[in-house]
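S.K.: Sending over work.txt (compact mmCIF, C-alpha atoms and all ligand atoms).
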```txt
# COMPACT_ATOMS: atom_id res chain seq x y z
CA LEU A 27 -32.53 -8.57 -1.42
CA THR A 28 -33.49 -11.90 0.08
CA SER A 29 -31.03 -11.57 2.95
CA TRP A 30 -31.44 -10.28 6.51
CA ASN A 31 -28.73 -7.72 5.70
CA PHE A 32 -31.14 -6.06 3.32
CA LYS A 33 -34.23 -6.17 5.55
CA GLN A 34 -34.33 -6.84 9.30
CA ASP A 35 -38.01 -7.64 9.77
CA LYS A 36 -39.57 -10.84 8.50
CA THR A 37 -41.53 -10.53 5.28
CA VAL A 38 -45.24 -11.10 5.78
CA ILE A 39 -47.32 -11.62 2.66
CA ASP A 40 -50.71 -10.06 3.39
CA LEU A 41 -53.44 -11.47 1.15
CA GLY A 42 -56.25 -9.53 2.79
CA ASP A 43 -59.16 -10.70 4.98
CA GLY A 44 -56.69 -11.66 7.69
CA VAL A 45 -54.88 -14.23 5.53
CA LYS A 46 -51.12 -13.94 5.82
CA VAL A 47 -48.06 -16.01 4.98
CA GLY A 48 -45.04 -15.40 7.18
CA GLY A 49 -46.91 -14.12 10.21
CA ASN A 50 -47.15 -15.98 13.47
CA GLU A 51 -49.48 -18.65 12.17
CA LEU A 52 -48.82 -21.76 10.12
CA THR A 53 -50.71 -21.02 6.89
CA VAL A 54 -52.16 -24.05 5.14
CA MET A 55 -52.68 -24.18 1.37
CA ALA A 56 -54.64 -27.22 0.23
CA GLY A 57 -56.49 -28.57 -2.77
CA PRO A 58 -56.14 -30.91 -5.70
CA CYS A 59 -53.05 -31.18 -7.86
CA SER A 60 -55.19 -30.30 -10.90
CA VAL A 61 -58.51 -28.55 -11.24
CA GLU A 62 -60.62 -31.25 -12.91
CA ASN A 63 -64.26 -30.17 -12.82
CA GLU A 64 -66.68 -28.01 -10.86
CA GLU A 65 -67.89 -30.72 -8.50
CA GLN A 66 -64.37 -31.84 -7.57
CA MET A 67 -63.20 -28.27 -7.03
CA LEU A 68 -66.16 -27.06 -4.97
CA GLU A 69 -66.25 -30.20 -2.85
CA THR A 70 -62.53 -29.97 -2.10
CA ALA A 71 -62.76 -26.25 -1.37
CA ARG A 72 -65.55 -26.82 1.18
CA VAL A 73 -63.63 -29.61 2.88
CA VAL A 74 -60.35 -27.71 3.21
CA LYS A 75 -62.07 -24.49 4.30
CA GLU A 76 -64.02 -26.34 6.99
CA ALA A 77 -60.85 -27.95 8.27
CA GLY A 78 -59.08 -24.59 8.58
CA ALA A 79 -57.05 -24.08 5.39
CA LYS A 80 -56.76 -20.45 4.28
CA ILE A 81 -55.62 -20.88 0.69
CA LEU A 82 -56.97 -23.15 -2.06
CA ARG A 83 -54.54 -24.71 -4.51
CA GLY A 84 -55.31 -26.20 -7.90
CA GLY A 85 -53.38 -26.38 -11.15
CA ALA A 86 -54.96 -25.21 -14.39
CA PHE A 87 -51.75 -25.14 -16.42
CA LYS A 88 -49.92 -28.34 -15.52
CA PRO A 89 -46.23 -29.14 -16.09
CA ARG A 90 -46.59 -32.86 -16.85
CA THR A 91 -43.63 -35.13 -17.51
CA SER A 92 -45.47 -36.72 -20.45
CA PRO A 93 -47.13 -34.66 -23.18
CA TYR A 94 -49.82 -37.36 -23.32
CA SER A 95 -50.87 -36.79 -19.68
CA PHE A 96 -53.67 -34.41 -18.68
CA GLN A 97 -52.36 -30.89 -19.23
CA GLY A 98 -54.92 -28.96 -17.19
CA LEU A 99 -58.13 -27.10 -18.02
CA GLY A 100 -56.49 -23.74 -18.70
CA GLU A 101 -58.73 -20.70 -18.23
CA GLU A 102 -61.77 -22.90 -17.55
CA GLY A 103 -59.88 -24.26 -14.53
CA LEU A 104 -58.98 -20.77 -13.36
CA LYS A 105 -62.67 -19.85 -13.48
CA LEU A 106 -63.52 -22.84 -11.28
CA LEU A 107 -60.89 -21.74 -8.75
CA ALA A 108 -62.39 -18.25 -8.72
CA LYS A 109 -65.85 -19.72 -8.26
CA ALA A 110 -64.63 -21.79 -5.28
CA ARG A 111 -63.05 -18.63 -3.81
CA GLU A 112 -66.34 -16.79 -4.18
CA GLU A 113 -68.23 -19.52 -2.38
CA THR A 114 -65.76 -20.23 0.43
CA GLY A 115 -63.75 -17.03 0.90
CA LEU A 116 -60.52 -19.01 0.49
CA LYS A 117 -57.62 -17.29 -1.28
CA VAL A 118 -56.31 -18.98 -4.42
CA ILE A 119 -52.90 -20.14 -5.62
CA THR A 120 -52.22 -21.61 -9.06
CA GLU A 121 -49.22 -22.29 -11.23
CA LEU A 122 -48.03 -20.00 -14.00
CA MET A 123 -45.84 -21.81 -16.54
CA ASP A 124 -45.47 -19.34 -19.34
CA ILE A 125 -45.05 -15.60 -19.95
CA GLU A 126 -47.93 -15.71 -22.42
CA HIS A 127 -50.35 -16.72 -19.64
CA ILE A 128 -49.43 -13.99 -17.15
CA ASP A 129 -52.52 -11.87 -17.78
CA VAL A 130 -55.05 -14.68 -17.64
CA VAL A 131 -53.51 -16.26 -14.51
CA CYS A 132 -53.27 -12.90 -12.71
CA LYS A 133 -56.90 -12.18 -13.50
CA TYR A 134 -57.99 -15.09 -11.28
CA THR A 135 -55.28 -15.88 -8.74
CA ASP A 136 -54.18 -14.35 -5.44
CA ILE A 137 -50.73 -15.97 -5.51
CA ILE A 138 -48.73 -17.04 -8.56
CA GLN A 139 -47.03 -20.40 -8.14
CA ILE A 140 -43.75 -20.90 -9.99
CA GLY A 141 -43.12 -24.63 -10.16
CA ALA A 142 -39.93 -26.56 -9.57
CA ARG A 143 -39.37 -26.96 -13.32
CA ASN A 144 -39.45 -23.21 -13.87
CA MET A 145 -37.36 -22.13 -10.88
CA GLN A 146 -34.55 -21.14 -13.22
CA ASN A 147 -36.70 -19.81 -16.05
CA TYR A 148 -35.13 -16.39 -15.76
CA ALA A 149 -37.24 -14.72 -18.45
CA LEU A 150 -40.40 -15.77 -16.56
CA LEU A 151 -38.93 -14.74 -13.18
CA LYS A 152 -38.10 -11.27 -14.51
CA GLU A 153 -41.62 -10.79 -15.86
CA ILE A 154 -43.33 -11.76 -12.61
CA GLY A 155 -40.86 -9.48 -10.86
CA LYS A 156 -42.61 -6.56 -12.57
CA LEU A 157 -46.03 -7.50 -11.17
CA ASP A 158 -47.79 -6.42 -8.00
CA LYS A 159 -48.83 -9.95 -7.06
CA PRO A 160 -47.48 -12.39 -4.46
CA VAL A 161 -45.36 -15.19 -5.88
CA MET A 162 -44.58 -18.62 -4.44
CA LEU A 163 -41.29 -19.93 -5.79
CA LYS A 164 -40.81 -23.66 -5.48
CA ARG A 165 -37.34 -25.09 -5.13
CA GLY A 166 -36.05 -26.70 -8.32
CA MET A 167 -35.71 -30.46 -8.09
CA ALA A 168 -31.91 -30.23 -8.30
CA ALA A 169 -31.42 -26.71 -7.02
CA THR A 170 -28.97 -25.75 -4.29
CA ILE A 171 -30.09 -23.32 -1.60
CA LYS A 172 -27.97 -20.66 -3.24
CA GLU A 173 -29.56 -21.20 -6.67
CA TRP A 174 -33.02 -21.08 -5.08
CA LEU A 175 -32.32 -17.82 -3.30
CA LEU A 176 -30.78 -16.34 -6.46
CA ALA A 177 -33.96 -17.26 -8.34
CA ALA A 178 -35.88 -15.24 -5.72
CA GLU A 179 -33.40 -12.40 -6.31
CA TYR A 180 -34.43 -12.39 -9.99
CA VAL A 181 -38.03 -11.68 -8.98
CA MET A 182 -37.20 -9.14 -6.28
CA ASN A 183 -34.63 -7.33 -8.38
CA GLU A 184 -37.43 -6.27 -10.74
CA GLY A 185 -39.38 -4.74 -7.85
CA ASN A 186 -41.73 -7.49 -6.64
CA HIS A 187 -40.71 -8.30 -3.06
CA GLN A 188 -43.79 -10.40 -2.22
CA VAL A 189 -42.04 -13.75 -2.46
CA ILE A 190 -42.78 -17.00 -0.61
CA LEU A 191 -40.33 -19.91 -0.89
CA CYS A 192 -41.55 -23.52 -1.00
CA GLU A 193 -39.42 -26.59 -0.28
CA ARG A 194 -40.84 -29.53 -2.29
CA GLY A 195 -38.03 -32.06 -2.09
CA VAL A 196 -35.03 -32.68 -4.31
CA ARG A 197 -33.88 -35.58 -6.49
CA THR A 198 -31.62 -38.13 -4.85
CA PHE A 199 -30.73 -41.79 -5.48
CA GLY A 200 -33.75 -42.92 -3.44
CA GLU A 201 -36.53 -44.75 -5.29
CA GLU A 202 -38.96 -45.29 -2.44
CA THR A 203 -40.10 -41.69 -2.44
CA ARG A 204 -40.75 -39.37 -5.39
CA ASN A 205 -38.28 -36.82 -4.01
CA THR A 206 -36.22 -36.50 -0.86
CA MET A 207 -37.82 -33.91 1.39
CA ASP A 208 -35.10 -31.54 2.58
CA LEU A 209 -36.49 -30.44 5.93
CA SER A 210 -33.21 -28.82 6.98
CA SER A 211 -33.56 -26.28 4.17
CA ILE A 212 -36.51 -24.70 5.99
CA PRO A 213 -34.67 -23.40 9.09
CA LEU A 214 -31.55 -22.90 6.99
CA VAL A 215 -33.26 -20.58 4.52
CA GLN A 216 -35.08 -18.82 7.37
CA GLN A 217 -31.67 -18.11 8.92
CA LEU A 218 -30.43 -16.67 5.63
CA SER A 219 -33.54 -14.87 4.49
CA HIS A 220 -36.46 -12.81 5.78
CA LEU A 221 -38.78 -14.47 3.22
CA PRO A 222 -41.43 -16.95 4.44
CA VAL A 223 -40.63 -20.61 3.75
CA ILE A 224 -43.33 -23.24 3.40
CA ALA A 225 -43.20 -27.02 2.91
CA ASP A 226 -44.87 -29.25 0.32
CA PRO A 227 -44.81 -32.79 1.74
CA SER A 228 -47.03 -34.05 -1.11
CA HIS A 229 -44.45 -33.57 -3.87
CA GLY A 230 -41.70 -34.05 -1.28
CA THR A 231 -42.71 -37.67 -0.72
CA GLY A 232 -45.11 -38.67 -3.51
CA ARG A 233 -46.96 -40.97 -1.10
CA TRP A 234 -50.04 -40.01 0.86
CA GLU A 235 -49.08 -42.21 3.84
CA LEU A 236 -45.96 -40.07 4.30
CA VAL A 237 -47.64 -36.71 3.88
CA ILE A 238 -48.99 -36.40 7.44
CA PRO A 239 -45.78 -37.35 9.28
CA VAL A 240 -43.61 -35.15 7.03
CA ALA A 241 -46.04 -32.24 7.36
CA ARG A 242 -45.85 -32.62 11.15
CA ALA A 243 -42.07 -32.52 10.93
CA ALA A 244 -42.16 -29.41 8.73
CA ALA A 245 -44.36 -27.65 11.28
CA ALA A 246 -41.96 -28.71 14.03
CA VAL A 247 -38.91 -27.26 12.24
CA GLY A 248 -40.75 -23.95 11.96
CA ALA A 249 -42.17 -23.80 8.44
CA ASP A 250 -44.31 -20.72 7.80
CA GLY A 251 -46.87 -22.83 6.00
CA ILE A 252 -47.74 -26.16 4.44
CA MET A 253 -48.99 -26.89 0.93
CA VAL A 254 -50.78 -30.20 0.63
CA GLU A 255 -52.70 -31.99 -2.11
CA VAL A 256 -56.23 -33.07 -1.21
CA HIS A 257 -58.68 -34.88 -3.47
CA PRO A 258 -62.17 -36.22 -2.66
CA HIS A 259 -61.41 -39.39 -4.67
CA PRO A 260 -57.64 -39.77 -5.10
CA GLU A 261 -58.09 -43.06 -6.99
CA ASN A 262 -59.76 -41.11 -9.81
CA ALA A 263 -57.46 -38.07 -9.76
CA LEU A 264 -56.16 -36.92 -13.16
CA SER A 265 -52.76 -36.15 -11.56
CA ASP A 266 -50.91 -37.00 -8.35
CA GLY A 267 -53.61 -39.25 -6.86
CA PRO A 268 -51.07 -41.42 -4.97
CA GLN A 269 -49.88 -38.42 -2.95
CA SER A 270 -53.28 -36.82 -2.35
CA LEU A 271 -54.98 -36.96 1.04
CA LYS A 272 -58.62 -37.87 1.33
CA PRO A 273 -60.79 -35.38 3.23
CA ASP A 274 -60.74 -37.42 6.47
CA ASN A 275 -56.97 -37.58 6.55
CA PHE A 276 -56.71 -33.88 5.77
CA ARG A 277 -58.91 -33.11 8.79
CA LEU A 278 -56.68 -35.34 10.90
CA LEU A 279 -53.60 -33.51 9.61
CA MET A 280 -55.09 -30.13 10.51
CA ASP A 281 -55.78 -31.32 14.07
CA GLU A 282 -52.26 -32.60 14.44
CA LEU A 283 -50.75 -29.41 13.02
CA SER A 284 -52.61 -27.24 15.50
CA ALA A 285 -51.41 -29.46 18.35
CA ILE A 286 -47.84 -28.91 17.18
CA THR A 287 -48.03 -25.16 16.57
CA ASN A 288 -49.83 -24.62 19.88
CA SER A 289 -47.03 -26.35 21.72
CA LEU A 290 -44.17 -24.46 19.98
C1 LIG B 301 -47.64 -28.92 -8.19
O1 LIG B 301 -47.65 -28.16 -7.20
O2 LIG B 301 -48.65 -29.55 -8.58
C2 LIG B 301 -46.36 -29.13 -8.91
C3 LIG B 301 -46.33 -29.45 -10.21
O3 LIG B 301 -45.29 -29.02 -8.10
P1 LIG B 301 -43.71 -29.00 -8.43
O4 LIG B 301 -43.48 -27.82 -9.33
O5 LIG B 301 -43.10 -28.82 -7.07
O6 LIG B 301 -43.36 -30.30 -9.05
MN MN B 302 -49.09 -32.15 -8.05
```
Output the structure of this file as structure tokens.
Ligand code: PEP
Ligand code: MN

M.R.:
Amino acid sequence: LTSWNFKQDKTVIDLGDGVKVGGNELTVMAGPCSVENEEQMLETARVVKEAGAKILRGGAFKPRTSPYSFQGLGEEGLKLLAKAREETGLKVITELMDIEHIDVVCKYTDIIQIGARNMQNYALLKEIGKLDKPVMLKRGMAATIKEWLLAAEYVMNEGNHQVILCERGVRTFGEETRNTMDLSSIPLVQQLSHLPVIADPSHGTGRWELVIPVARAAAAVGADGIMVEVHPHPENALSDGPQSLKPDNFRLLMDELSAITNSL
């Protein structure tokens, strides 16, 4: 179902109000790793909207490596995302970790994010396959291209064909970056599949200084979109501060991305 043999026109995820993923534009999703409080969320939403992002990200259910780390605000966080959407008109994407939270997450979000850790959670994939809601499926941190595409097949096989793929880097022997960003997977998957493929240089590198150059590279290889973490005060972030862009650098990134897409 993911392959060009099945469908000859590129899949475009239409979120309404002119916001699309997989169309001719590079769609930018931006926002904090975690929803932390109303002020942080609204401030970030205003900044990213102003700079030209179309979709607001923010985790309310967080898959943290340590059980002692901040786990997210749950439904309270989802409400803050919805409030930011109301104020700015941005669409919203947030992670769903568990079957039991499907209803509450769907109530607030425009796109369901399935994180790297759940890419092969087949029970979850089958359940979201039954929904009428766009899904963004992140590549597992040790997943091959084939495993990633087969995970998308699990969703589509249940009837939901509104799938976006997101490259977020894979584990290698390197220690200087959080993951190794696999930029070649973007054109490769686009050659195999009609689904839109976006890039997450924040998790792909783990370092804010690398986010702008790697995002530029992702745009240059033809990514359908970019997901990037932005925080008004990264030094105080409850998760992923070291890889979050400050507002000024996010504005700079948006300028550079338009220069690249305009010249392609
Ligand atoms: C995230 O987007 O904040 C996240 C947890 O990403 P990943 O699943 O790619 O690690
Ligand atoms: Mn994060």

S.K.: Can you build me a table of chain A residues sitting at most 9 Å from ligand LIG 301 (chain B), with the closest atom pair per residue and its distance in Å to one decimal, using all atoms listed in the file, sorted by chain and residue number, as a tab-separated table?

M.R.:
```
residue	atom	partner	partner_atom	distance
A:Pro58	CA	B:LIG301	O2	8.1
A:Cys59	CA	B:LIG301	O2	4.7
A:Ser60	CA	B:LIG301	O2	7.0
A:Arg83	CA	B:LIG301	O1	8.2
A:Gly84	CA	B:LIG301	O2	7.5
A:Gly85	CA	B:LIG301	O2	6.2
A:Lys88	CA	B:LIG301	C3	6.5
A:Pro89	CA	B:LIG301	C3	5.9
A:Arg90	CA	B:LIG301	C3	7.5
A:Thr120	CA	B:LIG301	O1	8.2
A:Glu121	CA	B:LIG301	O1	7.3
A:Gln139	CA	B:LIG301	O1	7.8
A:Ile140	CA	B:LIG301	O4	7.0
A:Gly141	CA	B:LIG301	O4	3.3
A:Ala142	CA	B:LIG301	O4	3.8
A:Arg143	CA	B:LIG301	O4	5.8
A:Asn144	CA	B:LIG301	O4	7.6
A:Met145	CA	B:LIG301	O4	8.5
A:Leu163	CA	B:LIG301	O4	8.9
A:Lys164	CA	B:LIG301	O5	5.9
A:Arg165	CA	B:LIG301	O5	7.1
A:Gly166	CA	B:LIG301	O5	7.5
A:Met167	CA	B:LIG301	O5	7.6
A:Cys192	CA	B:LIG301	O5	8.2
A:Glu193	CA	B:LIG301	O5	8.0
A:Arg194	CA	B:LIG301	O5	5.3
A:Gly195	CA	B:LIG301	O5	7.8
A:Asp226	CA	B:LIG301	O5	7.6
A:Ser228	CA	B:LIG301	O1	8.5
A:His229	CA	B:LIG301	O5	5.9
A:Gly230	CA	B:LIG301	O5	7.9
A:Met253	CA	B:LIG301	O1	8.3
A:Val254	CA	B:LIG301	O1	8.7
A:Glu255	CA	B:LIG301	O2	8.0
A:Ser265	CA	B:LIG301	O2	8.3
A:Asp266	CA	B:LIG301	O2	7.8
```

S.K.: Considering all atoms listed in the file, state which residue in the set A:Gln97, A:Gln269, A:Ser289, A:Thr231 is at the smallest distance from ligand MN 302 (chain B).

M.R.: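 Smallest separation from ligand MN 302 (chain B) among the options: A:Gln269.
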
S.K.: Calculate how many Å separate CA of Ala225 in chain A from CA of Ala249 in chain A, rounding to one decimal.

M.R.: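 These two atoms are separated by 6.5 Å.
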
S.K.: Ranking A:Ala263, A:Val54, A:Leu41, A:Leu221 by minimum distance to ligand MN 302 (chain B) and counting all atoms listed in the file, which one comes first?

M.R.: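 Looking only at the distances to ligand MN 302 (chain B), the closest residue turns out to be A:Ala263.
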
S.K.: Which residues are near Glu202 in chain A? Cut-off 10 Å, all atoms listed in the file, ignore same chain within fewer than 2 positions. Put them as an mmCIF file with C-alpha atoms, in the coordinates of the input.

M.R.:
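Dumped everything to around.cif:
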```cif
data_model
loop_
_atom_site.group_PDB
_atom_site.id
_atom_site.type_symbol
_atom_site.label_atom_id
_atom_site.label_comp_id
_atom_site.auth_asym_id
_atom_site.auth_seq_id
_atom_site.Cartn_x
_atom_site.Cartn_y
_atom_site.Cartn_z
ATOM 1 C CA PHE A 199 -30.730 -41.790 -5.480
ATOM 2 C CA GLY A 200 -33.750 -42.920 -3.440
ATOM 3 C CA ARG A 204 -40.750 -39.370 -5.390
ATOM 4 C CA ASN A 205 -38.280 -36.820 -4.010
ATOM 5 C CA THR A 206 -36.220 -36.500 -0.860
ATOM 6 C CA THR A 231 -42.710 -37.670 -0.720
ATOM 7 C CA GLY A 232 -45.110 -38.670 -3.510
ATOM 8 C CA ARG A 233 -46.960 -40.970 -1.100
#
```

S.K.: Would you mind reading off the distance between CA of Leu290 in chain A and CA of Glu76 in chain A, one decimal, in Å?

M.R.: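 Value for the CA of Leu290 in chain A-CA of Glu76 in chain A distance: 23.8 Å.
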
S.K.: Write out as number ranges by chain the residues lying within 10 Å of Gly185 in chain A, counting only C-alpha atoms and excluding same-chain residues fewer than 4 positions away.

M.R.: A: 152, 154-158, 179-181

S.K.: Can you write out the residues you just picked, keeping C-alpha atoms, as a CSV table (one decimal), keeping the file's coordinate frame?

M.R.:
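Result saved to selection.csv:
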```csv
chain,number,residue,atom,x,y,z
A,152,LYS,CA,-38.1,-11.3,-14.5
A,154,ILE,CA,-43.3,-11.8,-12.6
A,155,GLY,CA,-40.9,-9.5,-10.9
A,156,LYS,CA,-42.6,-6.6,-12.6
A,157,LEU,CA,-46.0,-7.5,-11.2
A,158,ASP,CA,-47.8,-6.4,-8.0
A,179,GLU,CA,-33.4,-12.4,-6.3
A,180,TYR,CA,-34.4,-12.4,-10.0
A,181,VAL,CA,-38.0,-11.7,-9.0
```

S.K.: Atoms are missing here; could range 83-103 of chain A be completed with N, CA and C atoms and written as a PDB file, in the frame of the given file?

M.R.:
```pdb
ATOM      1  N   ARG A  83     -55.418 -24.485  -3.372  1.00  0.00           N
ATOM      2  CA  ARG A  83     -54.540 -24.710  -4.510  1.00  0.00           C
ATOM      3  C   ARG A  83     -55.259 -25.518  -5.587  1.00  0.00           C
ATOM      4  N   GLY A  84     -54.761 -25.408  -6.813  1.00  0.00           N
ATOM      5  CA  GLY A  84     -55.310 -26.200  -7.900  1.00  0.00           C
ATOM      6  C   GLY A  84     -54.625 -25.756  -9.182  1.00  0.00           C
ATOM      7  N   GLY A  85     -54.101 -26.719  -9.929  1.00  0.00           N
ATOM      8  CA  GLY A  85     -53.380 -26.380 -11.150  1.00  0.00           C
ATOM      9  C   GLY A  85     -54.308 -26.353 -12.352  1.00  0.00           C
ATOM     10  N   ALA A  86     -54.193 -25.306 -13.154  1.00  0.00           N
ATOM     11  CA  ALA A  86     -54.960 -25.210 -14.390  1.00  0.00           C
ATOM     12  C   ALA A  86     -54.030 -25.338 -15.600  1.00  0.00           C
ATOM     13  N   PHE A  87     -52.797 -24.916 -15.420  1.00  0.00           N
ATOM     14  CA  PHE A  87     -51.750 -25.140 -16.420  1.00  0.00           C
ATOM     15  C   PHE A  87     -50.755 -26.072 -15.761  1.00  0.00           C
ATOM     16  N   LYS A  88     -50.708 -27.317 -16.213  1.00  0.00           N
ATOM     17  CA  LYS A  88     -49.920 -28.340 -15.520  1.00  0.00           C
ATOM     18  C   LYS A  88     -48.625 -28.693 -16.233  1.00  0.00           C
ATOM     19  N   PRO A  89     -47.512 -28.732 -15.496  1.00  0.00           N
ATOM     20  CA  PRO A  89     -46.230 -29.140 -16.090  1.00  0.00           C
ATOM     21  C   PRO A  89     -46.077 -30.651 -15.999  1.00  0.00           C
ATOM     22  N   ARG A  90     -46.625 -31.398 -16.934  1.00  0.00           N
ATOM     23  CA  ARG A  90     -46.590 -32.860 -16.850  1.00  0.00           C
ATOM     24  C   ARG A  90     -45.363 -33.439 -17.544  1.00  0.00           C
ATOM     25  N   THR A  91     -44.822 -34.481 -16.955  1.00  0.00           N
ATOM     26  CA  THR A  91     -43.630 -35.130 -17.510  1.00  0.00           C
ATOM     27  C   THR A  91     -43.908 -35.655 -18.914  1.00  0.00           C
ATOM     28  N   SER A  92     -45.112 -36.204 -19.129  1.00  0.00           N
ATOM     29  CA  SER A  92     -45.470 -36.720 -20.450  1.00  0.00           C
ATOM     30  C   SER A  92     -46.438 -35.773 -21.156  1.00  0.00           C
ATOM     31  N   PRO A  93     -46.196 -35.531 -22.438  1.00  0.00           N
ATOM     32  CA  PRO A  93     -47.130 -34.660 -23.180  1.00  0.00           C
ATOM     33  C   PRO A  93     -48.485 -35.334 -23.403  1.00  0.00           C
ATOM     34  N   TYR A  94     -48.555 -36.647 -23.129  1.00  0.00           N
ATOM     35  CA  TYR A  94     -49.820 -37.360 -23.320  1.00  0.00           C
ATOM     36  C   TYR A  94     -50.665 -37.382 -22.050  1.00  0.00           C
ATOM     37  N   SER A  95     -50.098 -36.873 -20.927  1.00  0.00           N
ATOM     38  CA  SER A  95     -50.870 -36.790 -19.680  1.00  0.00           C
ATOM     39  C   SER A  95     -51.748 -35.546 -19.696  1.00  0.00           C
ATOM     40  N   PHE A  96     -52.749 -35.553 -18.829  1.00  0.00           N
ATOM     41  CA  PHE A  96     -53.670 -34.410 -18.680  1.00  0.00           C
ATOM     42  C   PHE A  96     -52.875 -33.121 -18.449  1.00  0.00           C
ATOM     43  N   GLN A  97     -53.157 -32.124 -19.259  1.00  0.00           N
ATOM     44  CA  GLN A  97     -52.360 -30.890 -19.230  1.00  0.00           C
ATOM     45  C   GLN A  97     -53.038 -29.750 -18.454  1.00  0.00           C
ATOM     46  N   GLY A  98     -54.227 -30.014 -17.937  1.00  0.00           N
ATOM     47  CA  GLY A  98     -54.920 -28.960 -17.190  1.00  0.00           C
ATOM     48  C   GLY A  98     -56.012 -28.317 -18.018  1.00  0.00           C
ATOM     49  N   LEU A  99     -56.962 -27.659 -17.339  1.00  0.00           N
ATOM     50  CA  LEU A  99     -58.130 -27.100 -18.020  1.00  0.00           C
ATOM     51  C   LEU A  99     -57.897 -25.679 -18.536  1.00  0.00           C
ATOM     52  N   GLY A 100     -56.739 -25.104 -18.234  1.00  0.00           N
ATOM     53  CA  GLY A 100     -56.490 -23.740 -18.700  1.00  0.00           C
ATOM     54  C   GLY A 100     -57.440 -22.746 -18.040  1.00  0.00           C
ATOM     55  N   GLU A 101     -57.911 -21.767 -18.819  1.00  0.00           N
ATOM     56  CA  GLU A 101     -58.730 -20.700 -18.230  1.00  0.00           C
ATOM     57  C   GLU A 101     -60.011 -21.239 -17.584  1.00  0.00           C
ATOM     58  N   GLU A 102     -60.569 -22.296 -18.147  1.00  0.00           N
ATOM     59  CA  GLU A 102     -61.770 -22.900 -17.550  1.00  0.00           C
ATOM     60  C   GLU A 102     -61.472 -23.326 -16.106  1.00  0.00           C
ATOM     61  N   GLY A 103     -60.286 -23.859 -15.881  1.00  0.00           N
ATOM     62  CA  GLY A 103     -59.880 -24.260 -14.530  1.00  0.00           C
ATOM     63  C   GLY A 103     -59.705 -23.060 -13.620  1.00  0.00           C
TER      64      GLY A 103
END
```
